[in-house]
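Below: one structure, written as structure tokens.
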Amino acid sequence: AVVSTQSTGTKTGLAPEIVKFDQTSRLFISRNDEFSLLRPETVESLFILWRVTKKPKYQAWAWDIFSSIERSAKRTDTGYSSMDKINTVKSRRKGDLESFFLAETLKYLYLINGPDDIIPIKRYVFNTEAHPFPIRPTEFGRTNDNS
């Protein structure tokens, strides 16, 4: 997942693919895991938290993530790349991009800063691929007025 610079402590501000705990319960990143596929899970959570609480910190954290992506993972004026060696000054673009970056990561980054009437969470639910589905009323769970 992509996480803000404050929480990752990486040189690029991007979260690694895997984070582990050491024996003192501190986070660490092994050299083999110093890459980022720009996953959406963190920004998805920030989007939901923003819509439910309206606490500006979630938008600010999302902006930090977006800024880290722009600064480190942008290849050209029109593209992005997953990253390798994200915790060194010699980080490098891997030259590939997972489809979930466009379909999910950028979608949630847009929605967290957009108006609430764009895909309102009280009327839509997102599947695991960030596709919104309308919530339809059902008979299940409704109270019977004749009881």
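Starting from 1 in every chain, residues are counted up; chains themselves are A, B, ... following the order of the structure tokens, and ligands are numbered from 1 as listed.
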*Skip Ala130 in chain A itself and residues of its chain fewer than 6 positions away, then list as an MDAnalysis selection string all residues within 12 Å of it, counting only C-alpha atoms.*
chainID A and resid 40:41 43:45 47:48 99:109 111 119 124
_Residues within 10 Å of range 132-134 of chain A, please, as a ChimeraX atom specification. Count only C-alpha atoms; anything in the same chain fewer than 6 positions from it doesn't count._
/A:119-126
Selected residues written out, all heavy atoms, as a PDB file, in the first residue's frame:
```pdb
ATOM      1  N   ILE A 119     -20.361   9.500  -6.094  1.00  0.00           N
ATOM      2  CA  ILE A 119     -20.372   8.173  -5.487  1.00  0.00           C
ATOM      3  C   ILE A 119     -20.528   8.268  -3.955  1.00  0.00           C
ATOM      4  O   ILE A 119     -19.606   7.929  -3.207  1.00  0.00           O
ATOM      5  CB  ILE A 119     -19.137   7.335  -5.877  1.00  0.00           C
ATOM      6  CG1 ILE A 119     -18.861   7.425  -7.383  1.00  0.00           C
ATOM      7  CG2 ILE A 119     -19.312   5.892  -5.456  1.00  0.00           C
ATOM      8  CD1 ILE A 119     -17.624   6.702  -7.837  1.00  0.00           C
ATOM      9  N   PRO A 120     -21.676   8.729  -3.478  1.00  0.00           N
ATOM     10  CA  PRO A 120     -21.884   8.823  -2.024  1.00  0.00           C
ATOM     11  C   PRO A 120     -21.877   7.443  -1.364  1.00  0.00           C
ATOM     12  O   PRO A 120     -22.523   6.517  -1.847  1.00  0.00           O
ATOM     13  CB  PRO A 120     -23.254   9.491  -1.896  1.00  0.00           C
ATOM     14  CG  PRO A 120     -23.907   9.323  -3.214  1.00  0.00           C
ATOM     15  CD  PRO A 120     -22.836   9.147  -4.245  1.00  0.00           C
ATOM     16  N   ILE A 121     -21.153   7.329  -0.260  1.00  0.00           N
ATOM     17  CA  ILE A 121     -20.986   6.009   0.363  1.00  0.00           C
ATOM     18  C   ILE A 121     -22.243   5.525   1.079  1.00  0.00           C
ATOM     19  O   ILE A 121     -22.311   4.364   1.460  1.00  0.00           O
ATOM     20  CB  ILE A 121     -19.768   5.963   1.311  1.00  0.00           C
ATOM     21  CG1 ILE A 121     -19.916   6.946   2.458  1.00  0.00           C
ATOM     22  CG2 ILE A 121     -18.495   6.194   0.539  1.00  0.00           C
ATOM     23  CD1 ILE A 121     -18.847   6.802   3.530  1.00  0.00           C
ATOM     24  N   LYS A 122     -23.223   6.376   1.228  1.00  0.00           N
ATOM     25  CA  LYS A 122     -24.493   5.904   1.799  1.00  0.00           C
ATOM     26  C   LYS A 122     -25.381   5.266   0.728  1.00  0.00           C
ATOM     27  O   LYS A 122     -26.354   4.600   1.052  1.00  0.00           O
ATOM     28  CB  LYS A 122     -25.236   7.051   2.479  1.00  0.00           C
ATOM     29  CG  LYS A 122     -24.563   7.487   3.758  1.00  0.00           C
ATOM     30  CD  LYS A 122     -25.373   8.503   4.493  1.00  0.00           C
ATOM     31  CE  LYS A 122     -24.665   8.844   5.792  1.00  0.00           C
ATOM     32  NZ  LYS A 122     -25.434   9.768   6.611  1.00  0.00           N
ATOM     33  N   ARG A 123     -25.015   5.459  -0.542  1.00  0.00           N
ATOM     34  CA  ARG A 123     -25.822   4.883  -1.629  1.00  0.00           C
ATOM     35  C   ARG A 123     -25.053   3.879  -2.478  1.00  0.00           C
ATOM     36  O   ARG A 123     -25.638   3.214  -3.329  1.00  0.00           O
ATOM     37  CB  ARG A 123     -26.357   6.009  -2.516  1.00  0.00           C
ATOM     38  CG  ARG A 123     -27.334   6.889  -1.772  1.00  0.00           C
ATOM     39  CD  ARG A 123     -28.183   7.789  -2.638  1.00  0.00           C
ATOM     40  NE  ARG A 123     -27.766   7.938  -3.996  1.00  0.00           N
ATOM     41  CZ  ARG A 123     -27.528   9.122  -4.579  1.00  0.00           C
ATOM     42  NH1 ARG A 123     -27.662  10.229  -3.914  1.00  0.00           N
ATOM     43  NH2 ARG A 123     -27.165   9.174  -5.836  1.00  0.00           N
ATOM     44  N   TYR A 124     -23.744   3.771  -2.253  1.00  0.00           N
ATOM     45  CA  TYR A 124     -22.913   2.846  -3.043  1.00  0.00           C
ATOM     46  C   TYR A 124     -21.971   2.080  -2.128  1.00  0.00           C
ATOM     47  O   TYR A 124     -21.558   2.572  -1.092  1.00  0.00           O
ATOM     48  CB  TYR A 124     -22.067   3.603  -4.076  1.00  0.00           C
ATOM     49  CG  TYR A 124     -22.878   4.190  -5.188  1.00  0.00           C
ATOM     50  CD1 TYR A 124     -23.450   5.452  -5.058  1.00  0.00           C
ATOM     51  CD2 TYR A 124     -23.095   3.492  -6.370  1.00  0.00           C
ATOM     52  CE1 TYR A 124     -24.200   6.008  -6.077  1.00  0.00           C
ATOM     53  CE2 TYR A 124     -23.844   4.037  -7.394  1.00  0.00           C
ATOM     54  CZ  TYR A 124     -24.394   5.291  -7.236  1.00  0.00           C
ATOM     55  OH  TYR A 124     -25.139   5.825  -8.244  1.00  0.00           O
ATOM     56  N   VAL A 125     -21.614   0.892  -2.561  1.00  0.00           N
ATOM     57  CA  VAL A 125     -20.585   0.099  -1.904  1.00  0.00           C
ATOM     58  C   VAL A 125     -19.537  -0.237  -2.963  1.00  0.00           C
ATOM     59  O   VAL A 125     -19.875  -0.423  -4.134  1.00  0.00           O
ATOM     60  CB  VAL A 125     -21.178  -1.181  -1.253  1.00  0.00           C
ATOM     61  CG1 VAL A 125     -21.749  -2.115  -2.298  1.00  0.00           C
ATOM     62  CG2 VAL A 125     -20.149  -1.884  -0.401  1.00  0.00           C
ATOM     63  N   PHE A 126     -18.274  -0.259  -2.555  1.00  0.00           N
ATOM     64  CA  PHE A 126     -17.190  -0.577  -3.483  1.00  0.00           C
ATOM     65  C   PHE A 126     -16.812  -2.045  -3.340  1.00  0.00           C
ATOM     66  O   PHE A 126     -16.703  -2.552  -2.230  1.00  0.00           O
ATOM     67  CB  PHE A 126     -15.954   0.279  -3.191  1.00  0.00           C
ATOM     68  CG  PHE A 126     -16.128   1.721  -3.541  1.00  0.00           C
ATOM     69  CD1 PHE A 126     -16.599   2.626  -2.611  1.00  0.00           C
ATOM     70  CD2 PHE A 126     -15.821   2.163  -4.815  1.00  0.00           C
ATOM     71  CE1 PHE A 126     -16.749   3.961  -2.924  1.00  0.00           C
ATOM     72  CE2 PHE A 126     -15.981   3.507  -5.148  1.00  0.00           C
ATOM     73  CZ  PHE A 126     -16.444   4.399  -4.201  1.00  0.00           C
TER      74      PHE A 126
END
```
Near range 13-22 of chain A, 9 Å: range 62-101 of chain A residue rows, closest pairs, only C-alpha atoms, as a Markdown table:
```
| residue | atom | partner | partner_atom | distance |
| --- | --- | --- | --- | --- |
| A:Asp64 | CA | A:Gly13 | CA | 8.2 |
| A:Ile65 | CA | A:Leu14 | CA | 7.2 |
| A:Ser67 | CA | A:Gly13 | CA | 8.7 |
| A:Ser68 | CA | A:Gly13 | CA | 5.4 |
| A:Ile69 | CA | A:Leu14 | CA | 7.2 |
| A:Ser72 | CA | A:Leu14 | CA | 8.1 |
| A:Ala73 | CA | A:Leu14 | CA | 9.0 |
| A:Met83 | CA | A:Leu14 | CA | 8.7 |
| A:Lys85 | CA | A:Pro16 | CA | 9.0 |
| A:Ile86 | CA | A:Leu14 | CA | 6.7 |
| A:Asn87 | CA | A:Gly13 | CA | 8.3 |
```
_According to DSSP computed on the backbone, where in chain A is there helix (DSSP H, G or I)? Give the residues as JSON, numbers by chain._
{"A": [5, 6, 7, 8, 31, 32, 33, 41, 42, 43, 44, 45, 46, 47, 48, 49, 50, 51, 52, 53, 56, 57, 58, 59, 60, 61, 62, 63, 64, 65, 66, 67, 68, 69, 70, 71, 72, 73, 99, 100, 101, 102, 103, 104, 105, 106, 107, 108, 109, 110, 111, 112, 113]}
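For the pair CA of Asp84 in chain A and CA of Phe28 in chain A, the separation is 16.4 Å.
Among A:Lys90, A:Ala60, A:Ile29, A:Thr138, the residue with the shortest atom-to-atom distance to Gly9 in chain A, counting only C-alpha atoms, is A:Ile29.
Between CA of Arg93 in chain A and CA of Tyr80 in chain A the interatomic distance comes to 8.5 Å.
Considering the residues A:Glu98, A:Pro56, A:Phe35, A:Pro137 and counting only C-alpha atoms, Lys11 in chain A has its shortest atom-to-atom contact with A:Phe35.
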*Those of chain A in DSSP strand (DSSP E or B), formatted as a count of residues only*: 18
*So how far away is CA of Val89 in chain A from CA of Leu27 in chain A, in Å?*
20.0 Å
